[in-house]
$ cat work.csv   # CSV, C-alpha atoms and all ligand atoms
chain,number,residue,atom,x,y,z
G,247,MET,CA,-5.7,2.2,22.4
G,248,PHE,CA,-8.7,1.2,20.3
G,249,GLN,CA,-9.3,-2.5,20.9
G,250,ARG,CA,-12.9,-3.4,20.5
G,251,ALA,CA,-14.0,-5.3,17.4
G,252,PHE,CA,-14.7,-2.9,14.6
G,253,ASP,CA,-16.9,-3.3,11.5
G,254,ALA,CA,-16.3,-0.7,8.9
G,255,ALA,CA,-19.6,-1.7,7.2
G,256,GLU,CA,-21.5,-0.2,10.2
G,257,LEU,CA,-20.3,3.2,9.0
G,258,LEU,CA,-20.2,2.4,5.3
G,259,PRO,CA,-23.0,-0.1,4.8
G,260,GLU,CA,-22.3,-0.1,1.0
G,261,LEU,CA,-19.2,-2.2,1.8
G,262,LYS,CA,-21.6,-5.1,2.5
G,263,ALA,CA,-22.4,-5.4,-1.2
G,264,HIS,CA,-18.9,-6.6,-1.9
G,265,PRO,CA,-17.7,-10.1,-1.1
G,266,ARG,CA,-14.7,-10.1,1.3
G,267,VAL,CA,-12.7,-12.7,3.2
G,268,THR,CA,-10.9,-11.8,6.4
G,269,LEU,CA,-7.1,-12.2,5.9
G,270,GLY,CA,-5.7,-9.7,8.4
G,271,GLN,CA,-6.3,-8.6,11.9
G,272,GLY,CA,-7.8,-5.3,12.8
G,273,PRO,CA,-8.3,-2.7,13.9
G,274,THR,CA,-4.6,-1.9,13.4
G,275,PRO,CA,-3.1,0.4,16.1
G,276,LEU,CA,-3.1,4.2,15.7
G,277,GLU,CA,0.1,5.0,17.5
G,278,LEU,CA,1.5,8.3,18.5
G,279,LEU,CA,5.1,9.0,17.4
G,280,PRO,CA,6.1,11.5,20.1
G,281,THR,CA,9.8,11.9,19.5
G,282,LEU,CA,9.5,12.2,15.7
G,283,GLY,CA,6.5,14.5,16.0
G,284,GLU,CA,8.3,16.8,18.4
G,285,LYS,CA,11.3,16.9,16.1
G,286,LEU,CA,9.1,18.0,13.2
G,287,GLY,CA,6.9,20.4,15.3
G,288,ILE,CA,3.7,18.5,14.7
G,289,THR,CA,1.6,15.9,16.4
G,290,LEU,CA,2.3,12.7,14.5
G,291,TRP,CA,0.4,9.4,14.6
G,292,THR,CA,1.1,6.3,12.5
G,293,LYS,CA,-1.7,4.0,11.5
G,294,ARG,CA,0.1,0.6,11.7
G,295,ASP,CA,-1.2,-1.3,8.8
G,296,ASP,CA,2.2,-3.1,8.8
G,297,CYS,CA,0.8,-4.8,11.9
G,298,ASN,CA,-2.2,-6.4,10.4
G,299,GLY,CA,-1.1,-10.0,10.9
G,300,LEU,CA,-0.5,-11.8,7.7
G,301,ALA,CA,3.1,-12.5,6.6
G,302,PHE,CA,4.7,-9.2,7.7
G,303,GLY,CA,1.5,-7.3,7.0
G,304,GLY,CA,1.0,-4.2,4.9
G,305,ASN,CA,-1.7,-2.3,3.0
G,306,LYS,CA,-2.1,-5.1,0.4
G,307,VAL,CA,-3.8,-7.3,3.0
G,308,ARG,CA,-6.8,-5.0,3.1
G,309,GLN,CA,-6.9,-4.9,-0.7
G,310,LEU,CA,-6.6,-8.7,-1.1
G,311,GLU,CA,-9.5,-9.3,1.3
G,312,TYR,CA,-11.8,-7.9,-1.4
G,313,TYR,CA,-10.1,-9.6,-4.4
G,314,PHE,CA,-10.1,-12.9,-2.5
G,315,GLY,CA,-13.7,-12.4,-1.6
G,316,ARG,CA,-14.5,-12.2,-5.3
G,317,ALA,CA,-12.3,-15.2,-6.1
G,318,GLN,CA,-14.0,-17.3,-3.4
G,319,ALA,CA,-17.4,-16.3,-4.7
G,320,ALA,CA,-16.3,-17.4,-8.2
G,321,GLY,CA,-15.2,-20.8,-6.9
G,322,ALA,CA,-11.5,-20.2,-7.5
G,323,ASP,CA,-8.7,-22.5,-6.4
G,324,THR,CA,-5.8,-20.4,-7.8
G,325,VAL,CA,-5.0,-16.7,-7.8
G,326,LEU,CA,-2.8,-15.0,-10.3
G,327,ILE,CA,-1.1,-11.7,-9.6
G,328,THR,CA,1.6,-9.5,-11.2
G,329,GLY,CA,4.1,-7.1,-9.6
G,330,ALA,CA,7.6,-5.9,-9.4
G,331,LEU,CA,10.3,-8.5,-8.4
G,332,GLN,CA,10.1,-7.1,-4.8
G,333,SER,CA,6.4,-6.7,-4.8
G,334,ASN,CA,4.7,-6.8,-1.4
G,335,PHE,CA,1.3,-7.4,-3.1
G,336,VAL,CA,2.7,-10.6,-4.7
G,337,ARG,CA,4.2,-11.8,-1.4
G,338,LEU,CA,0.9,-11.2,0.4
G,339,ALA,CA,-1.2,-12.8,-2.3
G,340,ALA,CA,1.0,-15.9,-2.1
G,341,ALA,CA,0.7,-16.0,1.7
G,342,ALA,CA,-3.1,-15.5,1.5
G,343,ALA,CA,-3.5,-18.2,-1.1
G,344,CYS,CA,-1.8,-20.6,1.4
G,345,ARG,CA,-4.2,-19.6,4.1
G,346,MET,CA,-7.1,-20.3,1.7
G,347,GLY,CA,-5.7,-23.6,0.6
G,348,TRP,CA,-5.3,-22.3,-2.9
G,349,ARG,CA,-2.4,-22.0,-5.3
G,350,ALA,CA,-0.8,-18.7,-6.2
G,351,GLU,CA,0.8,-18.1,-9.6
G,352,VAL,CA,2.8,-14.9,-9.5
G,353,GLN,CA,4.3,-12.9,-12.3
G,354,LEU,CA,7.4,-10.9,-11.4
G,355,GLU,CA,8.1,-7.9,-13.7
G,356,GLU,CA,11.4,-6.2,-14.4
G,357,ARG,CA,10.4,-2.8,-13.1
G,358,VAL,CA,13.7,-1.9,-11.4
G,359,ALA,CA,17.0,-2.3,-13.2
G,360,LYS,CA,19.0,-4.0,-10.4
G,361,ASN,CA,21.3,-7.0,-10.8
G,362,ASP,CA,22.1,-7.1,-7.1
G,363,PRO,CA,21.6,-10.8,-6.0
G,364,LEU,CA,20.0,-9.7,-2.8
G,365,TYR,CA,17.4,-7.7,-4.6
G,366,ARG,CA,16.7,-10.6,-6.9
G,367,ALA,CA,16.5,-13.3,-4.3
G,368,ASN,CA,16.0,-12.0,-0.8
G,369,GLY,CA,13.1,-10.1,0.9
G,370,ASN,CA,9.8,-10.6,-0.8
G,371,VAL,CA,11.3,-13.0,-3.4
G,372,LEU,CA,12.5,-15.4,-0.7
G,373,LEU,CA,9.0,-15.3,0.8
G,374,ASP,CA,7.3,-16.0,-2.5
G,375,HIS,CA,9.3,-19.2,-2.7
G,376,LEU,CA,8.6,-20.0,1.0
G,377,PHE,CA,4.9,-19.8,0.2
G,378,GLY,CA,5.3,-22.2,-2.7
G,379,ALA,CA,4.1,-19.8,-5.3
G,380,GLY,CA,4.4,-20.7,-9.0
G,381,ILE,CA,6.8,-18.1,-10.4
G,382,HIS,CA,6.7,-16.6,-13.9
G,383,PHE,CA,9.0,-13.9,-15.0
G,384,PHE,CA,7.9,-11.0,-17.2
G,385,PRO,CA,10.5,-8.9,-18.9
G,386,GLU,CA,8.6,-5.6,-19.1
G,387,GLY,CA,7.8,-3.4,-16.1
G,388,GLU,CA,5.9,-0.4,-17.3
G,389,ASN,CA,3.1,-1.9,-19.3
G,390,GLU,CA,0.2,-2.8,-17.1
G,391,ARG,CA,-2.0,-4.0,-20.0
G,392,ALA,CA,0.7,-6.3,-21.3
G,393,ALA,CA,1.3,-7.7,-17.8
G,394,ASP,CA,-2.4,-8.3,-17.3
G,395,ARG,CA,-2.8,-9.9,-20.7
G,396,ASN,CA,0.1,-12.3,-19.9
G,397,LEU,CA,-1.6,-13.2,-16.6
G,398,ASP,CA,-4.8,-13.9,-18.6
G,399,ARG,CA,-2.9,-16.2,-20.9
G,400,ILE,CA,-1.4,-18.1,-18.0
G,401,ALA,CA,-4.9,-18.3,-16.5
G,402,GLU,CA,-6.3,-19.8,-19.7
G,403,ARG,CA,-3.6,-22.5,-19.7
G,404,LEU,CA,-4.4,-23.3,-16.1
G,405,ALA,CA,-8.2,-23.5,-16.8
G,406,ALA,CA,-7.5,-25.9,-19.6
G,407,GLN,CA,-5.8,-28.1,-17.1
G,408,GLY,CA,-8.8,-28.1,-14.8
G,409,ARG,CA,-7.8,-25.4,-12.4
G,410,LYS,CA,-10.2,-22.5,-11.4
G,411,PRO,CA,-8.1,-19.4,-11.7
G,412,TYR,CA,-8.9,-15.9,-10.6
G,413,VAL,CA,-6.8,-13.0,-11.9
G,414,ILE,CA,-6.0,-9.9,-9.9
G,415,HIS,CA,-5.5,-7.4,-12.7
G,416,LEU,CA,-3.4,-4.3,-12.2
G,417,GLY,CA,-4.5,-2.2,-15.1
G,418,MET,CA,-6.9,0.8,-15.1
G,419,ASP,CA,-9.3,-1.1,-17.3
G,420,HIS,CA,-10.3,-3.3,-14.4
G,421,PRO,CA,-12.4,-2.3,-11.4
G,422,PRO,CA,-10.4,-1.3,-8.2
G,423,TYR,CA,-12.1,-3.7,-5.8
G,424,GLY,CA,-9.0,-3.7,-3.6
G,425,ALA,CA,-9.5,0.0,-2.9
G,426,LEU,CA,-12.6,-0.9,-0.9
G,427,GLY,CA,-10.2,-2.1,1.8
G,428,TYR,CA,-9.0,1.4,2.2
G,429,ALA,CA,-12.4,2.9,2.3
G,430,ALA,CA,-12.9,0.6,5.3
G,431,ALA,CA,-9.5,1.7,6.7
G,432,ALA,CA,-10.6,5.4,6.5
G,433,ALA,CA,-13.7,4.5,8.5
G,434,GLU,CA,-11.5,2.6,11.0
G,435,THR,CA,-9.1,5.6,11.4
G,436,TRP,CA,-11.9,8.1,11.7
G,437,SER,CA,-13.4,5.9,14.5
G,438,GLN,CA,-10.1,5.6,16.3
G,439,LEU,CA,-9.6,9.3,16.3
G,440,ARG,CA,-13.1,9.9,17.6
G,441,GLU,CA,-12.6,7.3,20.3
G,442,LEU,CA,-9.4,9.0,21.4
G,443,ASP,CA,-11.2,12.4,21.2
G,444,GLU,CA,-8.6,13.7,18.8
G,445,GLU,CA,-8.8,15.6,15.5
G,446,ALA,CA,-6.3,15.1,12.7
G,447,THR,CA,-5.6,17.8,10.1
G,448,HIS,CA,-3.8,15.7,7.5
G,449,VAL,CA,-3.4,12.1,6.3
G,450,VAL,CA,-0.2,11.2,4.4
G,451,LEU,CA,0.2,8.0,2.5
G,452,ALA,CA,2.2,6.4,-0.3
G,453,SER,CA,0.5,6.5,-3.7
G,454,GLY,CA,1.6,3.8,-6.1
G,455,SER,CA,-1.2,1.9,-8.0
G,456,GLY,CA,-3.3,4.6,-6.3
G,457,LEU,CA,-5.8,2.1,-4.7
G,458,THR,CA,-4.8,2.9,-1.1
G,459,HIS,CA,-5.0,6.6,-1.9
G,460,ALA,CA,-8.2,6.5,-3.8
G,461,GLY,CA,-9.9,4.1,-1.4
G,462,PHE,CA,-8.9,6.2,1.7
G,463,LEU,CA,-10.1,9.4,0.0
G,464,ALA,CA,-13.4,8.0,-1.1
G,465,GLY,CA,-14.0,6.3,2.3
G,466,ALA,CA,-13.3,9.6,4.1
G,467,ARG,CA,-15.5,11.7,1.9
G,468,ALA,CA,-18.3,9.1,2.1
G,469,LEU,CA,-18.1,9.7,5.9
G,470,GLU,CA,-18.1,13.4,5.3
G,471,TRP,CA,-14.6,13.5,6.7
G,472,ASP,CA,-13.1,16.4,4.9
G,473,ILE,CA,-9.5,15.8,5.8
G,474,PRO,CA,-6.7,16.4,3.2
G,475,VAL,CA,-5.2,13.1,2.1
G,476,ALA,CA,-1.8,13.7,0.6
G,477,GLY,CA,-0.4,11.0,-1.7
G,478,ILE,CA,3.4,10.8,-1.8
G,479,CYS,CA,4.2,9.5,-5.3
G,480,VAL,CA,6.4,6.4,-5.2
G,481,ARG,CA,6.0,5.2,-8.8
G,482,ARG,CA,4.9,7.9,-11.2
G,483,SER,CA,5.1,11.7,-11.6
G,484,ALA,CA,2.4,13.8,-10.1
G,485,GLU,CA,1.2,14.6,-13.6
G,486,LEU,CA,0.5,10.9,-14.3
G,487,GLN,CA,-0.6,10.1,-10.8
G,488,ARG,CA,-3.3,12.8,-10.4
G,489,PRO,CA,-5.6,11.6,-13.2
G,490,ARG,CA,-5.0,8.0,-12.1
G,491,VAL,CA,-6.1,8.7,-8.5
G,492,GLU,CA,-9.0,10.8,-9.6
G,493,GLN,CA,-10.3,8.0,-11.8
G,494,ARG,CA,-9.8,5.4,-9.2
G,495,ALA,CA,-11.4,7.5,-6.5
G,496,GLU,CA,-14.5,8.0,-8.7
G,497,GLU,CA,-14.6,4.3,-9.4
G,498,VAL,CA,-14.4,3.5,-5.6
G,499,ALA,CA,-17.2,6.0,-5.0
G,500,ALA,CA,-19.3,4.2,-7.6
G,501,LEU,CA,-18.6,0.9,-5.9
G,502,LEU,CA,-19.9,2.5,-2.8
G,503,GLY,CA,-23.0,3.6,-4.6
G,504,ARG,CA,-22.1,7.3,-4.4
G,505,GLU,CA,-21.8,9.8,-7.1
G,506,SER,CA,-20.0,13.2,-7.2
G,507,LEU,CA,-18.2,12.3,-4.0
G,508,ILE,CA,-14.7,13.4,-5.2
G,509,GLY,CA,-13.7,16.6,-6.9
G,510,PRO,CA,-10.4,17.4,-8.5
G,511,GLU,CA,-9.5,19.6,-5.5
G,512,ASP,CA,-9.6,16.5,-3.3
G,513,VAL,CA,-6.7,14.8,-5.1
G,514,ASP,CA,-3.4,15.8,-3.6
G,515,VAL,CA,-0.3,14.2,-5.1
G,516,ASP,CA,3.3,15.1,-4.4
G,517,ASP,CA,6.2,13.7,-6.4
G,518,GLY,CA,8.9,15.9,-4.6
G,519,VAL,CA,10.8,12.8,-3.4
G,520,LEU,CA,10.3,10.5,-6.3
G,521,ALA,CA,13.7,11.0,-8.0
G,522,PRO,CA,15.6,9.0,-9.3
G,523,GLY,CA,12.5,6.9,-9.7
G,524,TYR,CA,10.5,3.8,-8.6
G,525,GLY,CA,12.4,1.4,-6.4
G,526,HIS,CA,15.6,3.5,-6.3
G,527,LEU,CA,16.7,4.8,-3.0
G,528,ASN,CA,17.4,8.5,-2.6
G,529,ASP,CA,19.1,10.4,0.3
G,530,GLU,CA,15.9,11.8,1.7
G,531,THR,CA,14.3,8.3,1.9
G,532,LEU,CA,17.4,6.9,3.5
G,533,ALA,CA,17.4,9.8,6.1
G,534,ALA,CA,13.7,9.1,6.8
G,535,ILE,CA,14.3,5.4,7.3
G,536,ARG,CA,17.0,6.2,9.7
G,537,LEU,CA,15.0,8.8,11.5
G,538,GLY,CA,12.0,6.5,11.9
G,539,ALA,CA,14.2,3.7,13.3
G,540,ARG,CA,16.2,5.9,15.6
G,541,CYS,CA,13.5,8.1,17.0
G,542,GLU,CA,10.7,5.5,17.3
G,543,GLY,CA,12.0,2.0,16.6
G,544,LEU,CA,9.9,2.1,13.5
G,545,LEU,CA,10.8,0.0,10.5
G,546,LEU,CA,10.2,1.7,7.1
G,547,ASP,CA,11.1,0.4,3.7
G,548,PRO,CA,13.1,1.9,0.8
G,549,VAL,CA,10.4,1.8,-1.8
G,550,TYR,CA,7.2,3.0,-0.1
G,551,THR,CA,7.0,3.9,3.5
G,552,GLY,CA,10.5,5.4,3.8
G,553,ARG,CA,9.8,7.5,0.8
G,554,CYS,CA,6.4,8.5,2.2
G,555,LEU,CA,7.9,9.7,5.4
G,556,ALA,CA,10.5,11.6,3.4
G,557,GLY,CA,7.7,13.3,1.5
G,558,LEU,CA,5.9,14.1,4.8
G,559,ILE,CA,9.1,15.6,6.2
G,560,ARG,CA,9.6,17.7,3.1
G,561,GLN,CA,6.0,19.0,3.3
G,562,VAL,CA,6.6,20.0,6.9
G,563,GLU,CA,9.9,21.7,6.0
G,564,SER,CA,8.2,23.6,3.1
G,565,GLY,CA,5.3,24.7,5.3
G,566,ARG,CA,2.8,22.7,3.1
G,567,ILE,CA,2.0,20.9,6.4
G,568,PRO,CA,2.2,23.7,8.9
G,569,GLN,CA,3.8,23.6,12.3
G,570,GLY,CA,1.4,22.3,14.9
G,571,ALA,CA,-0.5,20.2,12.4
G,572,ARG,CA,-1.9,16.9,13.5
G,573,VAL,CA,-0.9,14.3,11.0
G,574,VAL,CA,-1.7,10.6,10.4
G,575,PHE,CA,1.1,8.8,8.6
G,576,LEU,CA,-0.2,5.6,7.1
G,577,HIS,CA,2.3,2.8,7.6
G,578,THR,CA,1.6,0.6,4.6
G,579,GLY,CA,4.2,-2.1,5.4
G,580,GLY,CA,6.8,-3.3,2.9
G,581,THR,CA,9.4,-4.1,5.5
G,582,PRO,CA,10.8,-7.3,3.8
G,583,ALA,CA,12.3,-5.1,1.2
G,584,LEU,CA,14.7,-3.8,3.8
G,585,PHE,CA,16.6,-7.0,3.3
G,586,ALA,CA,16.5,-6.9,-0.4
G,587,TYR,CA,18.1,-3.4,-0.3
G,588,GLN,CA,20.8,-4.3,2.1
G,589,ARG,CA,23.6,-3.2,-0.3
G,590,ASP,CA,22.0,0.2,-0.7
G,591,LEU,CA,21.3,0.7,3.0
G,592,GLU,CA,24.3,-0.7,4.6
G,593,PRO,CA,27.0,1.8,3.7
G,594,ALA,CA,25.0,4.8,4.7
G,595,LEU,CA,23.8,3.2,7.9
G,596,MET,CA,27.4,2.2,8.9
G,597,ASP,CA,28.7,5.7,8.1
G,598,ALA,CA,26.0,7.2,10.3
G,599,ALA,CA,26.3,4.6,13.1
G,600,ALA,CA,28.5,6.8,15.2
G,601,GLY,CA,26.2,9.8,15.1
G,602,ARG,CA,22.6,10.2,16.1
G,603,PRO,CA,19.8,10.8,13.6
O,1,LIG,C1,4.3,-1.3,1.3
O,1,LIG,C2,3.5,-0.6,0.3
O,1,LIG,N1,3.1,0.7,0.6
O,1,LIG,C3,2.4,1.4,-0.3
O,1,LIG,C4,2.1,0.9,-1.6
O,1,LIG,C5,1.3,1.7,-2.5
O,1,LIG,O1,-0.1,1.3,-2.4
O,1,LIG,P1,-1.0,1.4,-3.7
O,1,LIG,O2,-0.4,0.5,-4.8
O,1,LIG,O3,-2.3,1.0,-3.2
O,1,LIG,O4,-1.0,2.8,-4.2
O,1,LIG,C6,2.5,-0.4,-1.9
O,1,LIG,C7,2.2,-0.9,-3.2
O,1,LIG,O5,2.7,-1.9,-3.7
O,1,LIG,C8,3.2,-1.2,-1.0
O,1,LIG,O6,3.6,-2.4,-1.2

$ encode --input "work.csv" --output "structure tokens" --more "lines below"
Ligand SMILES: Cc1ncc(COP(=O)(O)O)c(C=O)c1O
Amino acid sequence: MFQRAFDAAELLPELKAHPRVTLGQGPTPLELLPTLGEKLGITLWTKRDDCNGLAFGGNKVRQLEYYFGRAQAAGADTVLITGALQSNFVRLAAAAACRMGWRAEVQLEERVAKNDPLYRANGNVLLDHLFGAGIHFFPEGENERAADRNLDRIAERLAAQGRKPYVIHLGMDHPPYGALGYAAAAAETWSQLRELDEEATHVVLASGSGLTHAGFLAGARALEWDIPVAGICVRRSAELQRPRVEQRAEEVAALLGRESLIGPEDVDVDDGVLAPGYGHLNDETLAAIRLGARCEGLLLDPVYTGRCLAGLIRQVESGRIPQGARVVFLHTGGTPALFAYQRDLEPALMDAAAGRP
């Protein structure tokens, strides 16, 4: 296992131009999943970004390190963030604010039509309260600009009261600083594979806001690592996600001081397991969650990582990922949502309890 201290900026010196605070622990393990891999006919590793230390971990820790770096440089004492009711980003921003001695003001959007009391109060919502975040509700869920504008309004009010707010915007009209964390993660993964003397043929990750996807892709290409990076769509159709990831990847490349790093052929998005839509469990995701748990003791969530493994499995079944491939599955966290989705998960898990995967 790769244990020594790792500084991605040694491989991508351009990262040094961007302020960052350390919120998570790294490098995260790159773990072999032998049983699941054998079942699928591939060599399968998981990059355990769910194990990066802060408040149940997850990909958003690496992204927040760059936003919080900018907030600190700006002298902030409060961060504002917006997300779905069960947002992992929001939960981790609230936790990170505690660690910095700051306040978090979080805006929870109605992205998923669910009246289940567990969805509305357990999982990430419970943790937002535990971290003492100021909570604001926002009735829309599909309008990033409106959500950002509302955050800006809250920030103006706080500034008038003497606070120093920093807004983490979601919309495409703001730079994707958080994606730098995934350029760094690509460098970390590349180094781990080299250290293990292993070659991977594919990376598979969940593609939502697209910052993880775009950051990993730009980081890989900046290292001249030509590996295909498949984004499993968890929020939008491939038609909408492709231009989003393309734009974000070009922006990350520019933040790294590179031009013409990403071509359209680099952007691989797959919405084959997206139905019935963001935040709604489907049978393939449920099967993937069960398989991860029962083959490897791995916890995957209903919104992101379970769906991502479902997409990976489908790509193996269709031959898009060939037998014998050597695949890195990025575990982006999200596990608190398991408890918010208890009602969706429980019946199927009970039904299958007697049988094996
Ligand atoms: C657990 C988890 N995995 C994956 C993603 C998708 O990452 P991104 O928004 O960077 O595309 C998210 C986004 O919220 C997430 O919370």

$ residues_near_ligand --input "work.csv" --ligand "ligand LIG 1 (chain O)" --cutoff "6 Å" --atoms "all atoms listed in the file" --output "ChimeraX atom specification"
/G:304,334-335,452-459,550-551,578-580

$ residues_around --input "work.csv" --residues "stretch 496-499 of chain G" --least-positions-apart "5" --cutoff "12 Å" --atoms "only C-alpha atoms" --output "compact mmCIF listing (two decimals) with C-alpha atoms, keeping the file's coordinate frame"
# COMPACT_ATOMS: atom_id res chain seq x y z
CA LEU G 258 -20.20 2.40 5.30
CA GLU G 260 -22.30 -0.10 1.00
CA LEU G 261 -19.20 -2.20 1.80
CA HIS G 264 -18.90 -6.60 -1.90
CA MET G 418 -6.90 0.80 -15.10
CA ASP G 419 -9.30 -1.10 -17.30
CA HIS G 420 -10.30 -3.30 -14.40
CA PRO G 421 -12.40 -2.30 -11.40
CA PRO G 422 -10.40 -1.30 -8.20
CA TYR G 423 -12.10 -3.70 -5.80
CA GLY G 424 -9.00 -3.70 -3.60
CA ALA G 425 -9.50 0.00 -2.90
CA LEU G 426 -12.60 -0.90 -0.90
CA GLY G 427 -10.20 -2.10 1.80
CA TYR G 428 -9.00 1.40 2.20
CA ALA G 429 -12.40 2.90 2.30
CA ALA G 430 -12.90 0.60 5.30
CA GLY G 456 -3.30 4.60 -6.30
CA LEU G 457 -5.80 2.10 -4.70
CA THR G 458 -4.80 2.90 -1.10
CA HIS G 459 -5.00 6.60 -1.90
CA ALA G 460 -8.20 6.50 -3.80
CA GLY G 461 -9.90 4.10 -1.40
CA PHE G 462 -8.90 6.20 1.70
CA LEU G 463 -10.10 9.40 0.00
CA ALA G 464 -13.40 8.00 -1.10
CA GLY G 465 -14.00 6.30 2.30
CA ALA G 466 -13.30 9.60 4.10
CA ARG G 467 -15.50 11.70 1.90
CA ALA G 468 -18.30 9.10 2.10
CA LEU G 469 -18.10 9.70 5.90
CA PRO G 489 -5.60 11.60 -13.20
CA ARG G 490 -5.00 8.00 -12.10
CA VAL G 491 -6.10 8.70 -8.50
CA ARG G 504 -22.10 7.30 -4.40
CA GLU G 505 -21.80 9.80 -7.10
CA SER G 506 -20.00 13.20 -7.20
CA LEU G 507 -18.20 12.30 -4.00
CA ILE G 508 -14.70 13.40 -5.20
CA GLY G 509 -13.70 16.60 -6.90
CA PRO G 510 -10.40 17.40 -8.50
CA ASP G 512 -9.60 16.50 -3.30
CA VAL G 513 -6.70 14.80 -5.10

$ atom_distance --input "work.csv" --atom1 "atom CA of G:Ile535" --atom2 "atom CA of G:Ser437"
28.6 Å

$ closest_residue --input "work.csv" --among "G:Ala341, G:Cys554, G:Leu486, G:Leu278" --to "G:Ala446" --atoms "all atoms listed in the file"
G:Leu278

$ atom_distance --input "work.csv" --atom1 "atom CA of G:Asp295" --atom2 "atom CA of G:Ser483"
25.0 Å

$ closest_residue --input "work.csv" --among "G:Leu558, G:Ala500, G:Leu595, G:Leu416" --to "G:Ala476" --atoms "all atoms listed in the file"
G:Leu558

$ atom_distance --input "work.csv" --atom1 "atom CA of G:Leu527" --atom2 "atom CA of G:Ala583"
11.6 Å

$ closest_residue --input "work.csv" --among "G:Arg540, G:Gly287, G:Ala433, G:Tyr312" --to "G:Leu501" --atoms "all atoms listed in the file"
G:Tyr312

$ closest_residue --input "work.csv" --among "G:Gly557, G:Gly369, G:Pro363, G:Pro265" --to "G:Ala586" --atoms "all atoms listed in the file"
G:Gly369

$ residues_near_point --input "work.csv" --point "(-0.7, -18.6, 3.9)" --cutoff "7 Å" --atoms "only C-alpha atoms" --output "CSV table (one decimal) with C-alpha atoms, keeping the file's coordinate frame"
chain,number,residue,atom,x,y,z
G,340,ALA,CA,1.0,-15.9,-2.1
G,341,ALA,CA,0.7,-16.0,1.7
G,342,ALA,CA,-3.1,-15.5,1.5
G,343,ALA,CA,-3.5,-18.2,-1.1
G,344,CYS,CA,-1.8,-20.6,1.4
G,345,ARG,CA,-4.2,-19.6,4.1
G,346,MET,CA,-7.1,-20.3,1.7
G,377,PHE,CA,4.9,-19.8,0.2

$ residues_around --input "work.csv" --residues "G:Leu331" --least-positions-apart "3" --cutoff "9 Å" --atoms "all atoms listed in the file" --output "PyMOL selection string"
chain G and resi 336+353-358+365-367+370-371+383

$ residues_around --input "work.csv" --residues "G:Val307" --least-positions-apart "5" --cutoff "7 Å" --atoms "all atoms listed in the file" --output "CSV table (one decimal) with C-alpha atoms, in the coordinates of the input"
chain,number,residue,atom,x,y,z
G,269,LEU,CA,-7.1,-12.2,5.9
G,270,GLY,CA,-5.7,-9.7,8.4
G,338,LEU,CA,0.9,-11.2,0.4
